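Undergrad: Here's a structure for you.
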Amino acid sequence: MNGPMETNGKRILPLELRDVTFEAGGMRLIKNMTFTLGGAGKVFILGPNGAGKSLLLRLCHGLIKPASGQVTWHGGNPKHQQAMVFQRPVMLRRTVAANIAYALKLRGIDRKDRADIVSDVLRRTGLARLAEHPARVLSFGEQQRLALARAWALRPQVLFMDEPTASLDPAATHTLEELIAAIHAEGTKIVMTTHDMGQARRLADEVLFLHRGRLLEQAPAERFFDAPENDLAQAFMRGELLWWRRRKNPLDVPHPDPLDYRQGGVTP
Amino acid sequence: MDDFTGAFSTAFFMIASLDSDLAGIVALSLRVSLTAVAIATIIGLPVGAALALFRFPGRKTMIVVVNGLMGMPPVVVGLIVYLLLSRAGPFGVLGLLFTPTAMIIAQVLLVAPIIAALTLQVVEDLWSEYSEQLRSLGAGPHQAIPTLLWDGRFTLLTAVLAGFGRASAEVGAVMIVGGNIDHVTRVMTTAIALEVSKGDLSLALGLGIVLIALSMSINAAAFVIKGAAQRHGNA
Ligand SMILES: Nc1ncnc2c1ncn2[C@@H]1O[C@H](COP(=O)(O)OP(=O)(O)OP(=O)(O)O)[C@@H](O)[C@H]1O
Ligand SMILES: [Mg+2]
């Protein structure tokens, strides 16, 4: 058995972004992004802090609206076929099991089916023994796993994840990577961000490289990690790309000015 | 001094023997205040939640009004209800003045703003924490209302208790609209005021002790709720 519920409904992929910009606080934070996500591979969005990775995930997931340009899904009812795991997990003030059941209820799953799905995903994420614990007393790593379990329970066609393994210990990271692979094997498209380059090499099939709100490179993972075409991507991979302008002596400026990079001209 | 100790022992005797005068007054007080708090909760929760979640014309004015009503002196509320229910007032034909119903109406006006204002605060805070997650799961503000009320249940219960505390402790409003009529609208607070002015301290003290016990229980309940909330990681 592949789990109590297969990803269902009409295929919503590919996802197409055409000339998408996003603005907030008088700043253009996502700039003229155009790309298509089709296929089955795991997509990794890479780039330095503040590049716009989280904003891009929110735009794709429909949580924020572009200032201009279009985010288009191919068909079906895209709202009900995607899920997202946030950078900081948000748990309702209920038990672990109730958190998952709540998500299933919103998707219109019958009460009698909910219990089966809940116990199935809890077992597969190793959370079964915590089922009746209040979700908010779980450790951060456990909450991260619960967030993934809750998203998985929905059997989405597309699963967005924002740094799902940030602040997890190595064993927990390994477990989560296995889960991600399992979810992917069941036919869910994975679109995620990470700052763990080892993880990206292990899991990614396709890479989008972002810098200062621009998409600088979209490439198959193998080619990207072999030799990124973009200069900034190369610098990023060498660990030399900072999101603020580099000083000769970093100690001259104890606190990098976060406004600096926005005022500075964009290279490409 | 003898008088004082005598009053005390009589008071305890009245409580222990469930004196019928005292029991009648306590029962009426509880009936009026509990009914008022129940109605105020039914009004206050949805109003507070709606003010927190929806943007509509007049919203800001309503928030100011609700917060203003929260600090309204009970005698003023009593006066307003009196004017509305008096024979010449718009609802005079209903003949409600000097009935327990009039007292319930006055207490609803005193308590509903407290519950609405606290609900507004609780729901607003939860929504700012939950909104992206809930929208991602497919719930908009409408579907979120029961979720947010449930997740704020511990704080909201404390708000309801605070409302009950205010209702059962106030004198001014029920005195004006109830009239402190023996066996009809005489509640604990108005009875105490009357008995003290008559110089009969034992019934006043007996009722005072019951009121203190009530207030203690409310605080104890709030304490228990807080503990339960912390066990759920809600602090
Ligand atoms: N609502 C907002 N108003 C103003 N600026 C914002 C807003 N949201 C995000 N930003 C800015 O947009 C930029 C991109 O933010 P985003 O969260 O997408 O970065 P990120 O690539 O996910 O970074 P990290 O790796 O640190 O998570 C940041 O500089 C951030 O300060
Ligand atoms: Mg981010």
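As shown in the structure tokens, the chain order sets the letters A, B, ...; within each chain, residues go from 1, and ligands are also counted from 1 in the order they appear.
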Could you pull out the residues sitting within 10 Å of ligand 1, using only C-alpha atoms and all ligand atoms, and write them as number ranges by chain?
TA: A: 22-30, 45-59, 64, 87, 162-163, 166, 193-195, 210-213, 243, 258-259, 261-262
Undergrad: Using C-alpha atoms, can you export the residues from the last selection as a PDB file, in the first residue's frame?
TA:
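Full text of out_10.pdb as output:
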```
ATOM      1  CA  PHE A  22       6.778  41.520  -6.123  1.00  0.00           C
ATOM      2  CA  GLU A  23       7.014  44.755  -4.193  1.00  0.00           C
ATOM      3  CA  ALA A  24       6.714  45.600  -0.522  1.00  0.00           C
ATOM      4  CA  GLY A  25       7.664  48.631   1.507  1.00  0.00           C
ATOM      5  CA  GLY A  26       8.428  50.562  -1.676  1.00  0.00           C
ATOM      6  CA  MET A  27      11.068  48.050  -2.711  1.00  0.00           C
ATOM      7  CA  ARG A  28      11.098  45.635  -5.594  1.00  0.00           C
ATOM      8  CA  LEU A  29      11.963  42.362  -3.901  1.00  0.00           C
ATOM      9  CA  ILE A  30      11.306  39.937  -6.763  1.00  0.00           C
ATOM     10  CA  ILE A  45      15.910  27.199  -4.838  1.00  0.00           C
ATOM     11  CA  LEU A  46      19.345  28.378  -3.788  1.00  0.00           C
ATOM     12  CA  GLY A  47      20.814  31.764  -3.016  1.00  0.00           C
ATOM     13  CA  PRO A  48      22.214  33.883  -0.186  1.00  0.00           C
ATOM     14  CA  ASN A  49      20.158  35.272   2.718  1.00  0.00           C
ATOM     15  CA  GLY A  50      17.644  37.817   1.540  1.00  0.00           C
ATOM     16  CA  ALA A  51      17.819  36.672  -2.091  1.00  0.00           C
ATOM     17  CA  GLY A  52      14.038  36.241  -2.207  1.00  0.00           C
ATOM     18  CA  LYS A  53      13.729  32.456  -1.833  1.00  0.00           C
ATOM     19  CA  SER A  54      10.980  32.541   0.777  1.00  0.00           C
ATOM     20  CA  LEU A  55       9.098  35.236  -1.120  1.00  0.00           C
ATOM     21  CA  LEU A  56       9.297  33.171  -4.297  1.00  0.00           C
ATOM     22  CA  LEU A  57       7.852  30.125  -2.524  1.00  0.00           C
ATOM     23  CA  ARG A  58       4.999  32.297  -1.172  1.00  0.00           C
ATOM     24  CA  LEU A  59       4.313  33.683  -4.631  1.00  0.00           C
ATOM     25  CA  ILE A  64       1.160  36.696  -1.788  1.00  0.00           C
ATOM     26  CA  GLN A  87      10.621  28.057   7.672  1.00  0.00           C
ATOM     27  CA  ASP A 162      11.245  26.506   3.153  1.00  0.00           C
ATOM     28  CA  GLU A 163      14.494  25.323   4.756  1.00  0.00           C
ATOM     29  CA  ALA A 166      17.454  24.334   9.187  1.00  0.00           C
ATOM     30  CA  THR A 193      15.037  25.931  -0.303  1.00  0.00           C
ATOM     31  CA  THR A 194      18.100  25.093   1.751  1.00  0.00           C
ATOM     32  CA  HIS A 195      21.412  26.549   2.807  1.00  0.00           C
ATOM     33  CA  LEU A 210      18.473  33.566  -6.909  1.00  0.00           C
ATOM     34  CA  HIS A 211      20.342  36.725  -6.010  1.00  0.00           C
ATOM     35  CA  ARG A 212      18.867  40.061  -4.921  1.00  0.00           C
ATOM     36  CA  GLY A 213      15.431  39.153  -6.189  1.00  0.00           C
ATOM     37  CA  TRP A 243      24.365  39.509   0.620  1.00  0.00           C
ATOM     38  CA  PRO A 258      21.179  45.899   5.432  1.00  0.00           C
ATOM     39  CA  LEU A 259      20.133  48.781   3.199  1.00  0.00           C
ATOM     40  CA  TYR A 261      22.808  45.949  -0.985  1.00  0.00           C
ATOM     41  CA  ARG A 262      19.469  47.399  -2.013  1.00  0.00           C
TER      42      ARG A 262
END
```
Undergrad: Could you list, as JSON, numbers by chain, every residue of chain B that has an atom within 12 Å of an atom of chain A, counting only C-alpha atoms?
TA: {"B": [126, 127, 128, 129, 130, 131, 132, 133, 134, 135, 136, 137, 138, 139, 140, 143, 144, 146, 147, 148, 149, 150, 151, 152, 153, 154, 228, 229, 230, 231, 232, 233, 234, 235]}
Undergrad: Identify all residues of region 113-222 of chain A in strand (DSSP E or B) (DSSP on the backbone) and supply them as a ChimeraX atom specification.
TA: /A:134,158-162,189-193,206-211,214-220
Undergrad: Do you have the CA of Asn77 (chain A)-CA of Ile109 (chain A) distance handy?
TA: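 Going from CA of Asn77 (chain A) over to CA of Ile109 (chain A), I get 15.9 Å.
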Undergrad: Within 8 Å of region 100-106 of chain B, counting only C-alpha atoms, which residues show up once you throw out same-chain ones fewer than 4 positions away? Write them as a list in words, please.
TA: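 Surrounding residues, per the criterion: Val32, Ser33, Thr35, Ala36, Val77, Gly78, Val81, Leu85, Leu96, Leu110, Ala173, Val174, Val177, Gly178, Val184 and Thr185 of chain B.
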Undergrad: Keeping C-alpha atoms, export the residues of the selection given above as a compact mmCIF listing (two decimals), in the first residue's frame.
TA:
```
# COMPACT_ATOMS: atom_id res chain seq x y z
CA VAL B 32 -28.99 37.03 36.95
CA SER B 33 -25.20 37.18 36.59
CA THR B 35 -27.53 34.48 32.45
CA ALA B 36 -26.02 37.87 31.71
CA VAL B 77 -25.16 51.86 32.34
CA GLY B 78 -27.95 51.54 34.89
CA VAL B 81 -31.11 51.03 30.75
CA LEU B 85 -37.10 50.69 29.99
CA LEU B 96 -39.40 45.22 32.23
CA LEU B 110 -21.47 45.80 31.29
CA ALA B 173 -26.67 49.29 37.67
CA VAL B 174 -28.79 46.58 39.29
CA VAL B 177 -32.92 49.09 37.10
CA GLY B 178 -33.89 46.41 39.63
CA VAL B 184 -37.96 40.01 43.41
CA THR B 185 -34.83 41.93 42.46
```
Undergrad: Would you pick out the contacts of Phe54 (chain B) at 12 Å or less, using only C-alpha atoms, so that residues sharing its chain but fewer than 2 positions from it are not included, and give the list as a PyMOL selection string?
TA: chain B and resi 46-52+56-60+120+123-124+127+140-142+144-145
Undergrad: One decimal, in Å: what's the spacing between CA of Val187 (chain B) and CA of Leu157 (chain B)?
TA: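 Interatomic distance, CA of Val187 (chain B) to CA of Leu157 (chain B): 24.7 Å.
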Undergrad: Got a sec: who's within 8 Å of Gly163 (chain B), counting only C-alpha atoms, leaving out chain neighbours fewer than 6 positions off, as a PyMOL selection string?
TA: chain B and resi 37+111-112+114-115
Undergrad: To one decimal place in Å, what is the distance between CA of Ile42 (chain B) and CA of Val65 (chain B)?
TA: 18.5 Å
